[in-house]
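A.B. asks: One structure, as structure tokens, below. Some questions next.
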Amino acid sequence: KEFGENRVLDGIDLSVKKGEVLVIIGPSGCGKSTLLRCINGLEPIQSGSVMLKDERVEKNSKNISRIREKIGIVFQSYELFPHMSVLDNILLAPMKVQKKKRQEVEEQAMKLLKRVGLEHKAKSFPRELSGGQKQRIAIARAIITNPSLLLADEPTGNLDPDNSWEIMNLLERINLQGTTVLMATHNSQIVNTLRHRVIAIENGRVVRDEAKGEYGYDD
């Protein structure tokens with residue numbers, strides 16, 4: 001992946017199994033977030049390929065919308081629409097992308113809100129929520145399309161320790177129900193505790209790929 005003459009990702013060779021949790025670590029600017037955006041087709045790549053099972057992920061391909069239904073993404077900055085209620089934020093993707101009627105998905109959305117402990121906030125607006133609550137809503141929005149893969153870009157980056165653990169526990173519960181999770185983080189304390197597979201990226205390359213164990217990374 002290149003931005004002009006700047007090569008951000010250089011020869012990434014990576015396979016992720018269904019149901020796996022992969023934690024991506026590395027210093028700021030190493031390419032963690034860019035890698036996730038390439039996997040989702042939000043960023044075009046200059047060479048190589050990204051495959052979801054046997055389908056190629058390409059930003060401008062005709063089937064990219066259908067493929068993205070299988071790939072949920074959670075951003076560090078939440079990306080909630082401020083003029084829409086919590087419930088409407090969650091319903092947006094299934095109604096606009098999947099062309100489902102509100103009646104079809106509203107019950108599912110309310111079940112997701114209950115699952116993340118925010119059923120009582122359905123009619124609230126993002127400005128009325130704490131950072132941890134916004135992130136839980138963002139996760140609910142990402143999984144309402146039942147994706148097989150969930151990408152989480154620094155999901156605890158703006159949160160205090162208590163909210164960070166809450167979000168990590170939520171992601172682990174989602175994984176236990178069968179969703180593959182790829183998460184980029186610089187939080188070494190969380191990495192050390194979760195004990196999932198970890199890859200380290202430096203200068204756009206994978207420099208470490210280790211199975212379960214304890215990891216430390218000094219950002």
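Letters for chains follow the order of the structure tokens (A, B, ...), residue numbers begin at 1 for each chain, and ligand numbers begin at 1 in the order shown.
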Could you pull out all residues of segment 25-215 of chain A with a DSSP call of helix (DSSP H, G or I) and give them as a ChimeraX atom specification?
C.D. replies: /A:32-39,64-68,86-96,102-115,119-121,126-128,131-143,161-176,188-194
A.B. asks: Using DSSP assignments from the backbone, pull out every residue in segment 84-181 of chain A that falls under strand (DSSP E) and give it to me as a PyMOL selection string.
C.D. replies: chain A and resi 149-153+180-181
A.B. asks: Would you save the residues of that selection, restricted to all heavy atoms, as an mmCIF file, in the first residue's frame?
C.D. replies:
```
data_model
loop_
_atom_site.group_PDB
_atom_site.id
_atom_site.type_symbol
_atom_site.label_atom_id
_atom_site.label_comp_id
_atom_site.auth_asym_id
_atom_site.auth_seq_id
_atom_site.Cartn_x
_atom_site.Cartn_y
_atom_site.Cartn_z
ATOM 1 N N LEU A 149 -16.423 -11.442 9.914
ATOM 2 C CA LEU A 149 -15.157 -10.835 10.319
ATOM 3 C C LEU A 149 -15.424 -9.457 10.907
ATOM 4 O O LEU A 149 -16.144 -8.655 10.314
ATOM 5 C CB LEU A 149 -14.225 -10.712 9.109
ATOM 6 C CG LEU A 149 -12.919 -9.924 9.287
ATOM 7 C CD1 LEU A 149 -12.016 -10.594 10.317
ATOM 8 C CD2 LEU A 149 -12.189 -9.794 7.951
ATOM 9 N N LEU A 150 -14.841 -9.183 12.070
ATOM 10 C CA LEU A 150 -14.967 -7.876 12.700
ATOM 11 C C LEU A 150 -13.590 -7.255 12.836
ATOM 12 O O LEU A 150 -12.685 -7.842 13.425
ATOM 13 C CB LEU A 150 -15.618 -8.003 14.086
ATOM 14 C CG LEU A 150 -15.814 -6.682 14.857
ATOM 15 C CD1 LEU A 150 -16.766 -5.756 14.109
ATOM 16 C CD2 LEU A 150 -16.336 -6.954 16.274
ATOM 17 N N LEU A 151 -13.432 -6.049 12.271
ATOM 18 C CA LEU A 151 -12.191 -5.298 12.376
ATOM 19 C C LEU A 151 -12.378 -4.214 13.436
ATOM 20 O O LEU A 151 -13.374 -3.482 13.407
ATOM 21 C CB LEU A 151 -11.845 -4.639 11.034
ATOM 22 C CG LEU A 151 -11.842 -5.542 9.800
ATOM 23 C CD1 LEU A 151 -11.581 -4.720 8.544
ATOM 24 C CD2 LEU A 151 -10.806 -6.652 9.948
ATOM 25 N N ALA A 152 -11.434 -4.098 14.355
ATOM 26 C CA ALA A 152 -11.524 -3.102 15.420
ATOM 27 C C ALA A 152 -10.237 -2.285 15.435
ATOM 28 O O ALA A 152 -9.161 -2.815 15.734
ATOM 29 C CB ALA A 152 -11.754 -3.773 16.772
ATOM 30 N N ASP A 153 -10.351 -1.013 15.100
ATOM 31 C CA ASP A 153 -9.190 -0.139 14.988
ATOM 32 C C ASP A 153 -9.033 0.677 16.268
ATOM 33 O O ASP A 153 -9.780 1.633 16.483
ATOM 34 C CB ASP A 153 -9.346 0.779 13.775
ATOM 35 C CG ASP A 153 -8.093 1.600 13.510
ATOM 36 O OD1 ASP A 153 -7.057 1.333 14.147
ATOM 37 O OD2 ASP A 153 -8.151 2.502 12.654
ATOM 38 N N THR A 180 -14.804 -13.924 13.653
ATOM 39 C CA THR A 180 -13.358 -13.702 13.612
ATOM 40 C C THR A 180 -13.090 -12.235 13.928
ATOM 41 O O THR A 180 -13.792 -11.355 13.431
ATOM 42 C CB THR A 180 -12.803 -14.049 12.222
ATOM 43 O OG1 THR A 180 -13.219 -15.374 11.882
ATOM 44 C CG2 THR A 180 -11.289 -13.958 12.193
ATOM 45 N N VAL A 181 -12.089 -11.952 14.749
ATOM 46 C CA VAL A 181 -11.805 -10.581 15.168
ATOM 47 C C VAL A 181 -10.357 -10.220 14.863
ATOM 48 O O VAL A 181 -9.431 -10.953 15.234
ATOM 49 C CB VAL A 181 -12.065 -10.387 16.684
ATOM 50 C CG1 VAL A 181 -11.698 -8.971 17.117
ATOM 51 C CG2 VAL A 181 -13.536 -10.679 17.014
#
```
A.B. asks: Using only C-alpha atoms, pick whichever of A:Leu80, A:Asn175, A:Glu210, A:Glu202 has the shortest atom-to-atom distance to Val21 of chain A.
C.D. replies: A:Asn175
A.B. asks: Out of A:Ser49, A:Ser164, A:Asn40, A:Asn158, which residue has the shortest atom-to-atom distance to Gln76 of chain A when counting only C-alpha atoms?
C.D. replies: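 Looking only at the distances to Gln76 of chain A, the closest residue turns out to be A:Asn158.
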A.B. asks: Could you work out how far atom CA of Gly72 of chain A lies from atom CA of Ala142 of chain A, giving the answer in Å with one decimal?
C.D. replies: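 Interatomic distance, atom CA of Ala142 of chain A to atom CA of Gly72 of chain A: 4.7 Å.
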A.B. asks: Nearest to Leu9 of chain A among A:Gln133, A:Gln46, A:Ser28, A:Gln98, with distances taken over only C-alpha atoms: which residue is it?
C.D. replies: A:Gln46
A.B. asks: State, in Å with one decimal place, the distance from atom CA of Gln177 of chain A to atom CA of Ser148 of chain A.
C.D. replies: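 Separation of atom CA of Gln177 of chain A and atom CA of Ser148 of chain A: 10.3 Å.
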A.B. asks: For Ile12 of chain A, find every residue with an atom within 12 Å (counting only C-alpha atoms), except residues of its own chain fewer than 3 positions away, and show them as a PDB file with N, CA, C and O atoms, in the first residue's frame.
C.D. replies:
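Final output, saved to selection.pdb:
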```pdb
ATOM      1  N   LYS A   1       0.848  -1.183   0.000  1.00  0.00           N
ATOM      2  CA  LYS A   1       0.000   0.000   0.000  1.00  0.00           C
ATOM      3  C   LYS A   1       0.885   1.236   0.000  1.00  0.00           C
ATOM      4  O   LYS A   1       1.761   1.375   0.856  1.00  0.00           O
ATOM      5  N   ARG A   7       5.611   4.203   0.957  1.00  0.00           N
ATOM      6  CA  ARG A   7       5.116   2.828   1.030  1.00  0.00           C
ATOM      7  C   ARG A   7       4.767   2.514   2.479  1.00  0.00           C
ATOM      8  O   ARG A   7       5.642   2.367   3.328  1.00  0.00           O
ATOM      9  N   VAL A   8       3.465   2.401   2.747  1.00  0.00           N
ATOM     10  CA  VAL A   8       2.978   2.216   4.118  1.00  0.00           C
ATOM     11  C   VAL A   8       2.966   0.744   4.503  1.00  0.00           C
ATOM     12  O   VAL A   8       3.304   0.382   5.632  1.00  0.00           O
ATOM     13  N   LEU A   9       2.545  -0.118   3.598  1.00  0.00           N
ATOM     14  CA  LEU A   9       2.563  -1.561   3.818  1.00  0.00           C
ATOM     15  C   LEU A   9       3.437  -2.189   2.742  1.00  0.00           C
ATOM     16  O   LEU A   9       3.280  -1.888   1.549  1.00  0.00           O
ATOM     17  N   SER A  15      -2.304 -14.892   6.915  1.00  0.00           N
ATOM     18  CA  SER A  15      -3.527 -15.684   6.842  1.00  0.00           C
ATOM     19  C   SER A  15      -4.167 -15.718   8.224  1.00  0.00           C
ATOM     20  O   SER A  15      -3.474 -15.854   9.234  1.00  0.00           O
ATOM     21  N   GLY A  31       1.346   1.334  10.200  1.00  0.00           N
ATOM     22  CA  GLY A  31       0.464   0.763   9.188  1.00  0.00           C
ATOM     23  C   GLY A  31      -0.664  -0.096   9.720  1.00  0.00           C
ATOM     24  O   GLY A  31      -1.387  -0.723   8.938  1.00  0.00           O
ATOM     25  N   LYS A  32      -0.859  -0.133  11.051  1.00  0.00           N
ATOM     26  CA  LYS A  32      -1.914  -0.982  11.631  1.00  0.00           C
ATOM     27  C   LYS A  32      -3.298  -0.618  11.086  1.00  0.00           C
ATOM     28  O   LYS A  32      -4.025  -1.470  10.582  1.00  0.00           O
ATOM     29  N   THR A  34      -4.075   1.265   8.539  1.00  0.00           N
ATOM     30  CA  THR A  34      -4.131   1.151   7.081  1.00  0.00           C
ATOM     31  C   THR A  34      -4.376  -0.289   6.664  1.00  0.00           C
ATOM     32  O   THR A  34      -5.147  -0.558   5.735  1.00  0.00           O
ATOM     33  N   LEU A  35      -3.752  -1.235   7.353  1.00  0.00           N
ATOM     34  CA  LEU A  35      -3.957  -2.639   7.042  1.00  0.00           C
ATOM     35  C   LEU A  35      -5.431  -3.017   7.196  1.00  0.00           C
ATOM     36  O   LEU A  35      -6.006  -3.687   6.331  1.00  0.00           O
ATOM     37  N   LEU A  36      -6.061  -2.595   8.276  1.00  0.00           N
ATOM     38  CA  LEU A  36      -7.480  -2.901   8.482  1.00  0.00           C
ATOM     39  C   LEU A  36      -8.334  -2.291   7.385  1.00  0.00           C
ATOM     40  O   LEU A  36      -9.277  -2.911   6.880  1.00  0.00           O
ATOM     41  N   CYS A  38      -7.442  -1.616   4.358  1.00  0.00           N
ATOM     42  CA  CYS A  38      -7.212  -2.365   3.114  1.00  0.00           C
ATOM     43  C   CYS A  38      -8.000  -3.674   3.123  1.00  0.00           C
ATOM     44  O   CYS A  38      -8.544  -4.089   2.093  1.00  0.00           O
ATOM     45  N   ILE A  39      -8.060  -4.320   4.282  1.00  0.00           N
ATOM     46  CA  ILE A  39      -8.801  -5.577   4.391  1.00  0.00           C
ATOM     47  C   ILE A  39     -10.277  -5.360   4.097  1.00  0.00           C
ATOM     48  O   ILE A  39     -10.945  -6.200   3.493  1.00  0.00           O
ATOM     49  N   ILE A  45      -5.263  -1.022  -2.807  1.00  0.00           N
ATOM     50  CA  ILE A  45      -3.853  -1.424  -2.698  1.00  0.00           C
ATOM     51  C   ILE A  45      -3.208  -1.361  -4.082  1.00  0.00           C
ATOM     52  O   ILE A  45      -3.889  -1.488  -5.105  1.00  0.00           O
ATOM     53  N   SER A  47      -0.563  -3.346  -5.108  1.00  0.00           N
ATOM     54  CA  SER A  47      -0.198  -4.676  -5.601  1.00  0.00           C
ATOM     55  C   SER A  47      -0.607  -5.712  -4.569  1.00  0.00           C
ATOM     56  O   SER A  47      -0.878  -5.381  -3.412  1.00  0.00           O
ATOM     57  N   GLY A  48      -0.640  -6.954  -5.015  1.00  0.00           N
ATOM     58  CA  GLY A  48      -1.063  -8.021  -4.119  1.00  0.00           C
ATOM     59  C   GLY A  48      -2.571  -8.186  -4.138  1.00  0.00           C
ATOM     60  O   GLY A  48      -3.270  -7.655  -5.004  1.00  0.00           O
ATOM     61  N   SER A  49      -3.095  -8.926  -3.164  1.00  0.00           N
ATOM     62  CA  SER A  49      -4.537  -9.161  -3.106  1.00  0.00           C
ATOM     63  C   SER A  49      -4.975  -9.391  -1.664  1.00  0.00           C
ATOM     64  O   SER A  49      -4.198  -9.836  -0.820  1.00  0.00           O
ATOM     65  N   VAL A  50      -6.233  -9.054  -1.400  1.00  0.00           N
ATOM     66  CA  VAL A  50      -6.879  -9.331  -0.121  1.00  0.00           C
ATOM     67  C   VAL A  50      -8.032 -10.271  -0.417  1.00  0.00           C
ATOM     68  O   VAL A  50      -8.892  -9.967  -1.255  1.00  0.00           O
ATOM     69  N   ILE A 199       0.469 -10.201  16.053  1.00  0.00           N
ATOM     70  CA  ILE A 199       1.490  -9.874  15.067  1.00  0.00           C
ATOM     71  C   ILE A 199       1.971  -8.455  15.349  1.00  0.00           C
ATOM     72  O   ILE A 199       1.209  -7.605  15.796  1.00  0.00           O
ATOM     73  N   ALA A 200       3.240  -8.227  15.122  1.00  0.00           N
ATOM     74  CA  ALA A 200       3.824  -6.893  15.275  1.00  0.00           C
ATOM     75  C   ALA A 200       4.220  -6.374  13.899  1.00  0.00           C
ATOM     76  O   ALA A 200       4.804  -7.103  13.093  1.00  0.00           O
ATOM     77  N   ILE A 201       3.887  -5.110  13.637  1.00  0.00           N
ATOM     78  CA  ILE A 201       4.231  -4.471  12.377  1.00  0.00           C
ATOM     79  C   ILE A 201       5.215  -3.339  12.643  1.00  0.00           C
ATOM     80  O   ILE A 201       5.015  -2.537  13.564  1.00  0.00           O
ATOM     81  N   GLU A 202       6.265  -3.292  11.859  1.00  0.00           N
ATOM     82  CA  GLU A 202       7.214  -2.180  11.890  1.00  0.00           C
ATOM     83  C   GLU A 202       7.580  -1.822  10.460  1.00  0.00           C
ATOM     84  O   GLU A 202       7.855  -2.709   9.643  1.00  0.00           O
ATOM     85  N   ASN A 203       7.552  -0.538  10.176  1.00  0.00           N
ATOM     86  CA  ASN A 203       7.912  -0.051   8.839  1.00  0.00           C
ATOM     87  C   ASN A 203       7.144  -0.774   7.736  1.00  0.00           C
ATOM     88  O   ASN A 203       7.684  -1.092   6.676  1.00  0.00           O
ATOM     89  N   GLY A 204       5.874  -1.056   8.017  1.00  0.00           N
ATOM     90  CA  GLY A 204       5.015  -1.645   7.004  1.00  0.00           C
ATOM     91  C   GLY A 204       5.158  -3.134   6.807  1.00  0.00           C
ATOM     92  O   GLY A 204       4.536  -3.713   5.914  1.00  0.00           O
ATOM     93  N   ARG A 205       5.967  -3.803   7.636  1.00  0.00           N
ATOM     94  CA  ARG A 205       6.187  -5.241   7.497  1.00  0.00           C
ATOM     95  C   ARG A 205       5.818  -5.974   8.787  1.00  0.00           C
ATOM     96  O   ARG A 205       5.945  -5.423   9.877  1.00  0.00           O
ATOM     97  N   VAL A 206       5.402  -7.225   8.640  1.00  0.00           N
ATOM     98  CA  VAL A 206       5.175  -8.076   9.807  1.00  0.00           C
ATOM     99  C   VAL A 206       6.532  -8.568  10.292  1.00  0.00           C
ATOM    100  O   VAL A 206       7.235  -9.281   9.574  1.00  0.00           O
ATOM    101  N   VAL A 207       6.916  -8.171  11.503  1.00  0.00           N
ATOM    102  CA  VAL A 207       8.215  -8.563  12.047  1.00  0.00           C
ATOM    103  C   VAL A 207       8.086  -9.647  13.114  1.00  0.00           C
ATOM    104  O   VAL A 207       9.096 -10.207  13.543  1.00  0.00           O
ATOM    105  N   ARG A 208       6.851  -9.921  13.536  1.00  0.00           N
ATOM    106  CA  ARG A 208       6.648 -10.963  14.548  1.00  0.00           C
ATOM    107  C   ARG A 208       5.244 -11.512  14.395  1.00  0.00           C
ATOM    108  O   ARG A 208       4.293 -10.774  14.172  1.00  0.00           O
ATOM    109  N   ASP A 209       5.103 -12.808  14.483  1.00  0.00           N
ATOM    110  CA  ASP A 209       3.803 -13.469  14.400  1.00  0.00           C
ATOM    111  C   ASP A 209       3.848 -14.636  15.371  1.00  0.00           C
ATOM    112  O   ASP A 209       4.493 -15.643  15.116  1.00  0.00           O
TER     113      ASP A 209
END
```
A.B. asks: Which one is closest to Leu87 of chain A: A:Gln135, A:Ser61, A:Asn187, A:Gln108? Count only C-alpha atoms.
C.D. replies: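 The closest residue to Leu87 of chain A is A:Gln108.
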A.B. asks: So, counting only C-alpha atoms, which residue among A:Thr185, A:Thr179, A:Thr145, A:Asn192 is closest to Met95 of chain A?
C.D. replies: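 When distances to Met95 of chain A are compared using only C-alpha atoms, the smallest one comes from A:Thr145.
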A.B. asks: Between A:Ala93, A:Leu170, A:Val23, A:Ile144, which one has atoms that come closest to Ala211 of chain A, using only C-alpha atoms?
C.D. replies: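 Nearest candidate to Ala211 of chain A out of A:Ala93, A:Leu170, A:Val23, A:Ile144: A:Val23.
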